[in-house]
Structure formats: C-alpha cells, structure tokens
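These notes are about the structure you will find just below.
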Amino acid sequence: MKFLKYIAVFLLIYTFYIVFTASLTGFSLALGFIASALLTGLLTPILVQRDIGARDLKRLAYLILYYLYYMIVEEYKAHKLVIKIVLSRKMNIRPAIVKVPFGVKTDYGVTLIAGSITNTPGTCVIDIDEKERAFYVHWIYATALEPEKAREAISKVFEKYASKIFG
Amino acid sequence: MKLSDIIVGIAMALLAVMLSYLMVYGGLGPIASYNIRPLAAAFLNNTYNPWQKIYSALSPEAVTAIVWDYRGLDTYFETSVLFIAIVGLVALFRGANIVQGISSKGLSIIVKTSTKIIVPLILVAGASLAFHGHLSPGGGFQGGSFMTVATALLAVAFSIEFLQQKRLSLNTLLAVRCVGLLAIAIVSVYLLINAVLLGGYAYIFQNMQRLLFSPNSLVAVGISQYSMPYWFLDRPLGGTLFFFNLSESIAVIGGLTLGAVLLLLRENELKTVIGGEEHE
C-alpha cells in the first residue's frame with residue numbers, strides 16, 4: 001500500500017494538532033485537518049522512505065512496550081546510580097569517554113539509541129562516527145573501557161529494542 | 001571596596017524599590033483617569049457584539065480586533081516596514097545565491113533525524129496559532145514566527161543547500177513573502193471593490209457593516225451593508241481578522257526564513273558580493 005505511510009504521518013500530525021490546541025470544536029478540527037493534510041503531502045517523502053504495511057503494527061507495539069520498559073526500569077536504574085554519586089561525600093566518579101559500537105541500520109534506530117543513552121543520567125552521546133558505526137559516549141562511572149564491554153553495559157538493551165522497532 | 005561594587009549595590013537596591021513600587025501601585029505612572037476608562041469599556045463592549053454589528057469586529061479576542069480592525073491601516077504599515085527591512089537585506093546581498101556542493105553535510109545523523117520528526121509538529125502548532133488568532137492569544141505574526149523556527153532548524157541541521165534542493169530557494173521565499181503581503185492587500189480592499197462593482201459604498205479595511213457618513217459632516221446617512229463572513233461551522237470567524245492572520249503568517253514565514261537563509265550564506269557565496277572591487 002502506497003498511501004498507508006501518508007495516513008500514518010497524517011494521524012501523527014493531526015493528533016499533535018488536537019492535543020496542542022486542546023479544542024474539539026468544528027472550527028479548529030476542520031482547519032487543522034486542512035493544515036495537517038497539506039503538511040503530510042509536503043513532508044512525508046522526507047519523513048518515511050519505505051512503504052509501510054500491517055507488519056509495522058508489531059513494531060509499534062514494541063515501541064510502546066519499549067517506552068514503558070525504558071521509563072520504568074532503565075531510568076530507575078540509572079537514576080539510582082547517579083543519586084548515589086551525588087549524595088555520597090567522596091567524589092566517587094570514574095569519568096571516561098568510551099567508544100560504543102552499534103548494529104542498527106536505519107537512521108531512526110540510531111537516533112533512538114542515541115536519545116536513550118543521552119536521556120539516561122550518567123551517560124551522554126557526544127559524537128557519532130557513521131563510518132565505523134560507533135558512538136562516543138561520556139560516562140560518569142566507566143566500568144569498562146573496551147568498546148564491546150562498554151556496549152554491553154550501556155546500550156545493549158536499547159539496541160535490542162531499536163533493531164526490533166526500526167530495523 | 002571598589003566603586004563598581006557600590007554602583008552594583010545601589011542598582012540592585014533601586015531595582016528592588018522599583019519592583020515593589022510596581023507591585024503596590026500597579027504601574028509606573030498614575031492610574032488611568034476616569035475620562036479615559038470609557039475607551040477600554042467601549043472596546044470590551046463592542047469587540048464581540050452580535051447585536052451591534054456596526055461597531056463590532058465580531059471576534060472574542062480584543063487585541064486582535066484592535067490590531068487588525070480598529071487600527072488595521074496602522075498594522076498594515078507595520079507589516080510593510082518589516083517588508084522594507086527584508087527588501088533592504090535582499091538589496092544588500094544582491095547577486096548572492098545558494099551554491100550546491102560547498103559543505104552540504106549538515107549536522108550529525110542524530111540531529112537530522114530528530115529535526116525531521118519535530119519539524120512537522122512545529123509547523124502545525126504554528127499554523128494553529130495563526131488559525132486561532134481571533135479566538136485566543138496568538139495571531140498571524142506569532143504563528144508565522146513559530147513556523148520560521150522549523151525552517152531555520154532545517155537550514156541549520158540539514159544545511160541551506162538542502163532547502164534549495166527542496167525548492168525553497170531565495171527567490172521562492174521572496175515570492176512567498178510577496179504572496180502573503182498581496183493577500184493582505186486584497187483582503188483589505190475586497191469589500192470596497194465589491195461595493196464599487198455593485199454600485200454601493202464601503203470603506204477600505206471594512207470588516208462588518210459600518211455606518212456611512214456624508215463626506216462633509218459627521219452625520220450618519222445610512223449603513224454600508226457589505227460584510228465579511230463572520231461565522232465558520234461553530235465558531236466566529238471575525239471577518240477580515242482570520243484572513244489577515246492567515247496572510248500575515250504566510251508573509252512572515254517567507255520573510256523571516258529568507259532573512260535567516262541570507263544570514264547563513266557561506267563565505268564562498270558572498271565573496272563577490274561583499275568583497276567589492278579592488279581599489280588602488
């Protein structure tokens with residue numbers, strides 16, 4: 001189906017419009033429909049390159065699952081570590097910049113991993129090497145300096161989900 | 001103690017005193033006298049008044065009603081001033097154009113993808129500000145500036161060469177700006193042209209029905225019945241206000257993006273323009 005991706009992008013933009021205006025009057029729904037349709041036509045070729053189909057619903061389900069898991073489990077773990085460092089009397093840190101390779105292929109997957117790493121306290125992506133497929137990550141308490149071990153500790157979970165969601 | 005420390009201390013004390021004065025008296029000067037207050041009361045009574053259309057702008061948002069209806073001509077010239085500033089910028093950079101292949105990489109893939117996701121959302125939020133300008137705070141200029149953030153982000157994250165590849169060249173942006181201004185001009189004289197063609201009378205910047213005056217006196221001689229649509233589905237449209245806001249947002253996104261892109265031009269593109277001629 002060629003038009004499915006247009007419909008998906010339209011739904012995203014229109015939903016955001018309704019949430020932003022916080023109004024369900026015919027006036028704002030009608031005008032928002034026109035504006036969202038225009039933007040969808042203009043921007044879909046930039047946003048989505050491949051066609052989408054029913055199998056992408058599974059990916060969407062993974063995305064929601066990942067969001068819940070990330071927000072509840074991963075964020076909690078990372079916060080616990082950083083809170084410990086902040087509250088302790090000694091400066092108990094081992095800062096380092098480590099190289100973390102990644103295996104996902106799509107731009108969206110790379111962005112999801114990078115966003116997840118940066119959003120978790122304690123780690124922060126400072127650069128990306130697209131040729132070597134690796135991030136450079138600043139880590140406040142580095143437990144490993146080798147790329148593969150750092151990958152294990154920092155981004156293994158994110159990568160597992162990112163490859164399932166975006167490929 | 002240094003002199004600068006004393007000056008800073010006195011300045012801080014003065015700021016605190018002035019702020020507390022503001023809070024206690026509600027203004028830096030005396031409160032408006034009684035003979036000025038009826039003006040505010042008149043605006044509030046007439047901004048949305050379906051029973052007295054000859055005085056009303058039929059828009060619940062008083063500020064927009066004043067800006068685009070009661071003092072519409074003034075606002076038109078304000079918009080023109082901004083346009084003249086853009087014209088000055090274009091004249092200063094005349095001959096410069098975006099050249100492909102200088103440094104088209106842009107920022108990293110992470111920034112590019114995030115920008116890609118957020119651009120349509122910024123654009124639709126800006127559009128909603130422009131649509132609801134006559135119902136809630138916001139309006140054409142605000143909505144247009146809001147949308148310019150998206151194009152400026154694209155220009156920085158993807159490089160200005162990307163904009164040109166997507167057919168947003170300098171000339172297109174200038175054309176968008178001109179279309180917006182032209183739409184404002186057309187809306188402002190639409191009822192007048194309508195009336196002239198039908199053999200009646202109307203004013204420029206007329207919104208709803210207005211009282212007609214004979215040219216030499218202040219005696220009303222009738223009512224100009226021409227009026228812009230004031231209702232769309234289930235909410236007031238405010239007549240010209242909605243169309244002015246829409247046109248203004250188009251004009252602003254064209255003009256401000258043009259300004260941003262001109263200021264982002266690289267050295268190679270500007271050498272012939274700013275280098276000037278060699279003087280002995």
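Chains: A, B, ... in order of the structure tokens. Residues: from 1 per chain. Ligands: from 1, in order shown.
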
Running DSSP on the backbone, which parts of chain A land in strand (DSSP E or B), as a ChimeraX atom specification? /A:94,96-101,123-129,134-139,141

Show me, as a short mmCIF file (atom, residue, chain, number, x, y, z; two decimals) with all heavy atoms, in the first residue's frame, every residue of chain A with an atom at most 9 Å from chain B, counting only C-alpha atoms.
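Full text of selection35.cif as output:
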```cif
data_model
loop_
_atom_site.label_atom_id
_atom_site.label_comp_id
_atom_site.auth_asym_id
_atom_site.auth_seq_id
_atom_site.Cartn_x
_atom_site.Cartn_y
_atom_site.Cartn_z
N LEU A 12 -0.29 11.22 12.92
CA LEU A 12 0.65 11.77 13.90
C LEU A 12 0.49 13.29 14.00
O LEU A 12 0.33 13.84 15.10
CB LEU A 12 2.09 11.42 13.48
CG LEU A 12 3.18 12.08 14.30
CD1 LEU A 12 3.33 11.39 15.62
CD2 LEU A 12 4.50 12.08 13.55
N ILE A 13 0.49 13.97 12.83
CA ILE A 13 0.43 15.43 12.85
C ILE A 13 -0.92 15.91 13.39
O ILE A 13 -0.99 16.83 14.21
CB ILE A 13 0.69 15.98 11.43
CG1 ILE A 13 2.08 15.59 10.95
CG2 ILE A 13 0.55 17.49 11.40
CD1 ILE A 13 2.38 16.02 9.55
N TYR A 14 -2.00 15.27 12.94
CA TYR A 14 -3.34 15.72 13.33
C TYR A 14 -3.56 15.50 14.83
O TYR A 14 -4.11 16.36 15.52
CB TYR A 14 -4.37 14.95 12.51
CG TYR A 14 -5.74 15.60 12.48
CD1 TYR A 14 -5.88 16.98 12.53
CD2 TYR A 14 -6.89 14.83 12.39
CE1 TYR A 14 -7.12 17.57 12.48
CE2 TYR A 14 -8.14 15.41 12.35
CZ TYR A 14 -8.25 16.78 12.40
OH TYR A 14 -9.49 17.37 12.37
N PHE A 16 -1.25 15.48 17.11
CA PHE A 16 -0.49 16.51 17.82
C PHE A 16 -1.22 17.85 17.78
O PHE A 16 -1.26 18.57 18.78
CB PHE A 16 0.90 16.66 17.19
CG PHE A 16 1.73 17.71 17.84
CD1 PHE A 16 2.38 17.44 19.04
CD2 PHE A 16 1.84 18.98 17.30
CE1 PHE A 16 3.12 18.41 19.66
CE2 PHE A 16 2.59 19.96 17.91
CZ PHE A 16 3.23 19.67 19.09
N TYR A 17 -1.81 18.16 16.62
CA TYR A 17 -2.55 19.43 16.49
C TYR A 17 -3.69 19.50 17.49
O TYR A 17 -3.88 20.50 18.17
CB TYR A 17 -3.08 19.54 15.05
CG TYR A 17 -4.00 20.71 14.82
CD1 TYR A 17 -3.49 21.95 14.46
CD2 TYR A 17 -5.37 20.58 14.98
CE1 TYR A 17 -4.33 23.02 14.25
CE2 TYR A 17 -6.21 21.65 14.77
CZ TYR A 17 -5.69 22.87 14.40
OH TYR A 17 -6.52 23.92 14.22
N PHE A 20 -2.36 19.96 20.94
CA PHE A 20 -1.79 21.30 21.12
C PHE A 20 -2.89 22.35 21.28
O PHE A 20 -2.80 23.21 22.15
CB PHE A 20 -0.90 21.65 19.93
CG PHE A 20 -0.23 22.99 20.05
CD1 PHE A 20 0.91 23.12 20.82
CD2 PHE A 20 -0.75 24.09 19.41
CE1 PHE A 20 1.52 24.35 20.94
CE2 PHE A 20 -0.13 25.32 19.54
CZ PHE A 20 1.00 25.45 20.30
N THR A 21 -3.94 22.27 20.43
CA THR A 21 -4.99 23.28 20.54
C THR A 21 -5.93 22.98 21.70
O THR A 21 -6.59 23.89 22.18
CB THR A 21 -5.83 23.34 19.26
OG1 THR A 21 -6.34 22.03 18.99
CG2 THR A 21 -5.02 23.81 18.09
N THR A 25 -13.69 21.80 18.76
CA THR A 25 -14.72 22.49 18.00
C THR A 25 -14.56 22.19 16.52
O THR A 25 -13.46 21.91 16.04
CB THR A 25 -14.61 24.00 18.22
OG1 THR A 25 -13.31 24.41 17.80
CG2 THR A 25 -14.79 24.36 19.67
N GLY A 26 -15.68 22.25 15.80
CA GLY A 26 -15.64 22.01 14.36
C GLY A 26 -14.69 22.95 13.66
O GLY A 26 -13.97 22.57 12.73
N PHE A 27 -14.64 24.21 14.12
CA PHE A 27 -13.75 25.22 13.53
C PHE A 27 -12.30 24.76 13.53
O PHE A 27 -11.66 24.69 12.49
CB PHE A 27 -13.90 26.52 14.33
CG PHE A 27 -12.99 27.63 13.88
CD1 PHE A 27 -13.37 28.46 12.86
CD2 PHE A 27 -11.78 27.84 14.51
CE1 PHE A 27 -12.55 29.48 12.44
CE2 PHE A 27 -10.96 28.85 14.10
CZ PHE A 27 -11.34 29.69 13.06
N SER A 28 -11.80 24.39 14.71
CA SER A 28 -10.38 24.06 14.77
C SER A 28 -10.10 22.69 14.18
O SER A 28 -9.05 22.48 13.57
CB SER A 28 -9.87 24.19 16.20
OG SER A 28 -9.96 23.00 16.89
N ALA A 30 -11.66 21.36 11.56
CA ALA A 30 -11.67 21.48 10.10
C ALA A 30 -10.39 22.12 9.59
O ALA A 30 -9.74 21.63 8.66
CB ALA A 30 -12.89 22.29 9.66
N LEU A 31 -10.00 23.25 10.22
CA LEU A 31 -8.78 23.93 9.75
C LEU A 31 -7.55 23.09 10.01
O LEU A 31 -6.63 23.04 9.19
CB LEU A 31 -8.65 25.29 10.45
CG LEU A 31 -9.67 26.31 9.98
CD1 LEU A 31 -9.64 27.53 10.87
CD2 LEU A 31 -9.40 26.71 8.55
N GLY A 32 -7.53 22.39 11.16
CA GLY A 32 -6.39 21.52 11.45
C GLY A 32 -6.29 20.38 10.45
O GLY A 32 -5.19 19.98 10.07
N ALA A 35 -4.62 21.86 7.36
CA ALA A 35 -3.19 22.12 7.56
C ALA A 35 -2.40 20.82 7.66
O ALA A 35 -1.33 20.67 7.05
CB ALA A 35 -3.00 22.94 8.83
N SER A 36 -2.96 19.83 8.40
CA SER A 36 -2.24 18.56 8.55
C SER A 36 -2.13 17.84 7.21
O SER A 36 -1.09 17.26 6.89
CB SER A 36 -2.96 17.66 9.55
OG SER A 36 -3.27 18.36 10.72
N LEU A 39 0.64 19.54 5.19
CA LEU A 39 1.97 19.20 5.70
C LEU A 39 2.31 17.75 5.39
O LEU A 39 3.46 17.43 5.07
CB LEU A 39 2.04 19.45 7.20
CG LEU A 39 2.12 20.91 7.61
CD1 LEU A 39 2.06 21.04 9.11
CD2 LEU A 39 3.41 21.51 7.09
N THR A 40 1.30 16.86 5.50
CA THR A 40 1.55 15.45 5.20
C THR A 40 2.02 15.28 3.77
O THR A 40 3.01 14.61 3.49
CB THR A 40 0.26 14.64 5.42
OG1 THR A 40 -0.22 14.90 6.73
CG2 THR A 40 0.52 13.17 5.26
N LEU A 43 5.67 16.72 3.52
CA LEU A 43 6.79 16.23 4.32
C LEU A 43 6.92 14.72 4.37
O LEU A 43 7.96 14.22 4.79
CB LEU A 43 6.69 16.79 5.75
CG LEU A 43 6.87 18.30 5.85
CD1 LEU A 43 6.54 18.78 7.24
CD2 LEU A 43 8.28 18.69 5.50
N ILE A 46 10.06 13.12 2.94
CA ILE A 46 11.28 13.31 3.74
C ILE A 46 11.26 12.41 4.97
O ILE A 46 12.28 11.88 5.38
CB ILE A 46 11.41 14.79 4.17
CG1 ILE A 46 11.36 15.70 2.96
CG2 ILE A 46 12.69 15.01 4.95
CD1 ILE A 46 11.34 17.16 3.31
N LEU A 47 10.06 12.23 5.56
CA LEU A 47 9.98 11.53 6.84
C LEU A 47 10.10 10.02 6.69
O LEU A 47 10.82 9.38 7.45
CB LEU A 47 8.65 11.86 7.51
CG LEU A 47 8.59 13.15 8.30
CD1 LEU A 47 7.17 13.45 8.69
CD2 LEU A 47 9.44 13.04 9.55
N ASP A 107 18.32 5.21 10.22
CA ASP A 107 18.58 6.47 10.92
C ASP A 107 17.75 6.58 12.19
O ASP A 107 18.22 7.05 13.23
CB ASP A 107 18.24 7.65 10.02
CG ASP A 107 19.11 7.69 8.79
OD1 ASP A 107 20.06 6.89 8.74
OD2 ASP A 107 18.84 8.50 7.90
N TYR A 108 16.48 6.13 12.08
CA TYR A 108 15.61 6.24 13.25
C TYR A 108 16.11 5.35 14.39
O TYR A 108 16.06 5.74 15.56
CB TYR A 108 14.18 5.85 12.88
CG TYR A 108 13.45 6.92 12.12
CD1 TYR A 108 13.22 6.82 10.77
CD2 TYR A 108 13.01 8.06 12.79
CE1 TYR A 108 12.56 7.82 10.07
CE2 TYR A 108 12.35 9.06 12.10
CZ TYR A 108 12.13 8.93 10.75
OH TYR A 108 11.49 9.92 10.08
N VAL A 110 19.28 4.51 14.98
CA VAL A 110 20.44 5.18 15.56
C VAL A 110 20.00 6.30 16.49
O VAL A 110 20.51 6.46 17.61
CB VAL A 110 21.35 5.74 14.43
CG1 VAL A 110 22.48 6.55 15.02
CG2 VAL A 110 21.87 4.62 13.57
N THR A 111 19.00 7.07 16.03
CA THR A 111 18.52 8.19 16.84
C THR A 111 17.89 7.71 18.14
O THR A 111 18.07 8.33 19.19
CB THR A 111 17.52 9.03 16.04
OG1 THR A 111 18.10 9.33 14.79
CG2 THR A 111 17.18 10.30 16.77
N LEU A 112 17.15 6.61 18.05
CA LEU A 112 16.50 6.08 19.26
C LEU A 112 17.55 5.66 20.29
O LEU A 112 17.45 5.99 21.48
CB LEU A 112 15.61 4.89 18.91
CG LEU A 112 14.87 4.25 20.08
CD1 LEU A 112 13.89 5.24 20.67
CD2 LEU A 112 14.15 3.00 19.66
N ALA A 114 20.73 6.69 20.48
CA ALA A 114 21.46 7.86 20.96
C ALA A 114 20.61 8.64 21.96
O ALA A 114 21.10 9.08 23.00
CB ALA A 114 21.84 8.76 19.79
N GLY A 115 19.31 8.80 21.64
CA GLY A 115 18.43 9.51 22.55
C GLY A 115 18.30 8.79 23.89
O GLY A 115 18.31 9.42 24.95
N ASP A 127 29.39 12.32 20.29
CA ASP A 127 29.68 12.35 18.86
C ASP A 127 29.32 11.00 18.25
O ASP A 127 29.15 10.01 18.98
CB ASP A 127 31.17 12.64 18.61
CG ASP A 127 31.39 13.19 17.21
OD1 ASP A 127 30.38 13.36 16.48
OD2 ASP A 127 32.55 13.45 16.85
N ILE A 128 29.21 10.99 16.94
CA ILE A 128 28.89 9.73 16.25
C ILE A 128 29.83 9.58 15.05
O ILE A 128 30.10 10.56 14.35
CB ILE A 128 27.41 9.72 15.80
CG1 ILE A 128 27.09 8.44 15.02
CG2 ILE A 128 27.06 10.93 15.00
CD1 ILE A 128 25.63 8.29 14.69
N ASP A 129 30.35 8.39 14.89
CA ASP A 129 31.20 8.08 13.73
C ASP A 129 30.40 7.17 12.81
O ASP A 129 30.20 6.00 13.10
CB ASP A 129 32.49 7.39 14.19
CG ASP A 129 33.52 7.36 13.06
OD1 ASP A 129 33.08 7.35 11.89
OD2 ASP A 129 34.72 7.34 13.36
N GLU A 130 29.89 7.76 11.71
CA GLU A 130 28.99 6.99 10.87
C GLU A 130 29.73 5.93 10.07
O GLU A 130 29.15 4.92 9.69
CB GLU A 130 28.22 7.92 9.94
CG GLU A 130 27.07 8.62 10.66
CD GLU A 130 26.44 9.68 9.80
OE1 GLU A 130 26.10 9.37 8.66
OE2 GLU A 130 26.32 10.82 10.28
#
```

Worksheet entry | Neighbour list for Ile117 (chain A) as a PyMOL selection string, cut-off 10 Å, only C-alpha atoms, skip fewer than 3 positions in-chain | chain A and resi 111-114+120-125+135+137-139+154-155+158

Worksheet entry | Selection: 10 Å around region 140-152 of chain B, only C-alpha atoms, excl. self and same-chain fewer than 2 positions, as a PyMOL selection string | chain B and resi 64+79+115-116+118-134+137-138+154-160+163+168+241-261+264

CA of Ser136 (chain B) to CA of Leu24 (chain A) measures 14.6 Å
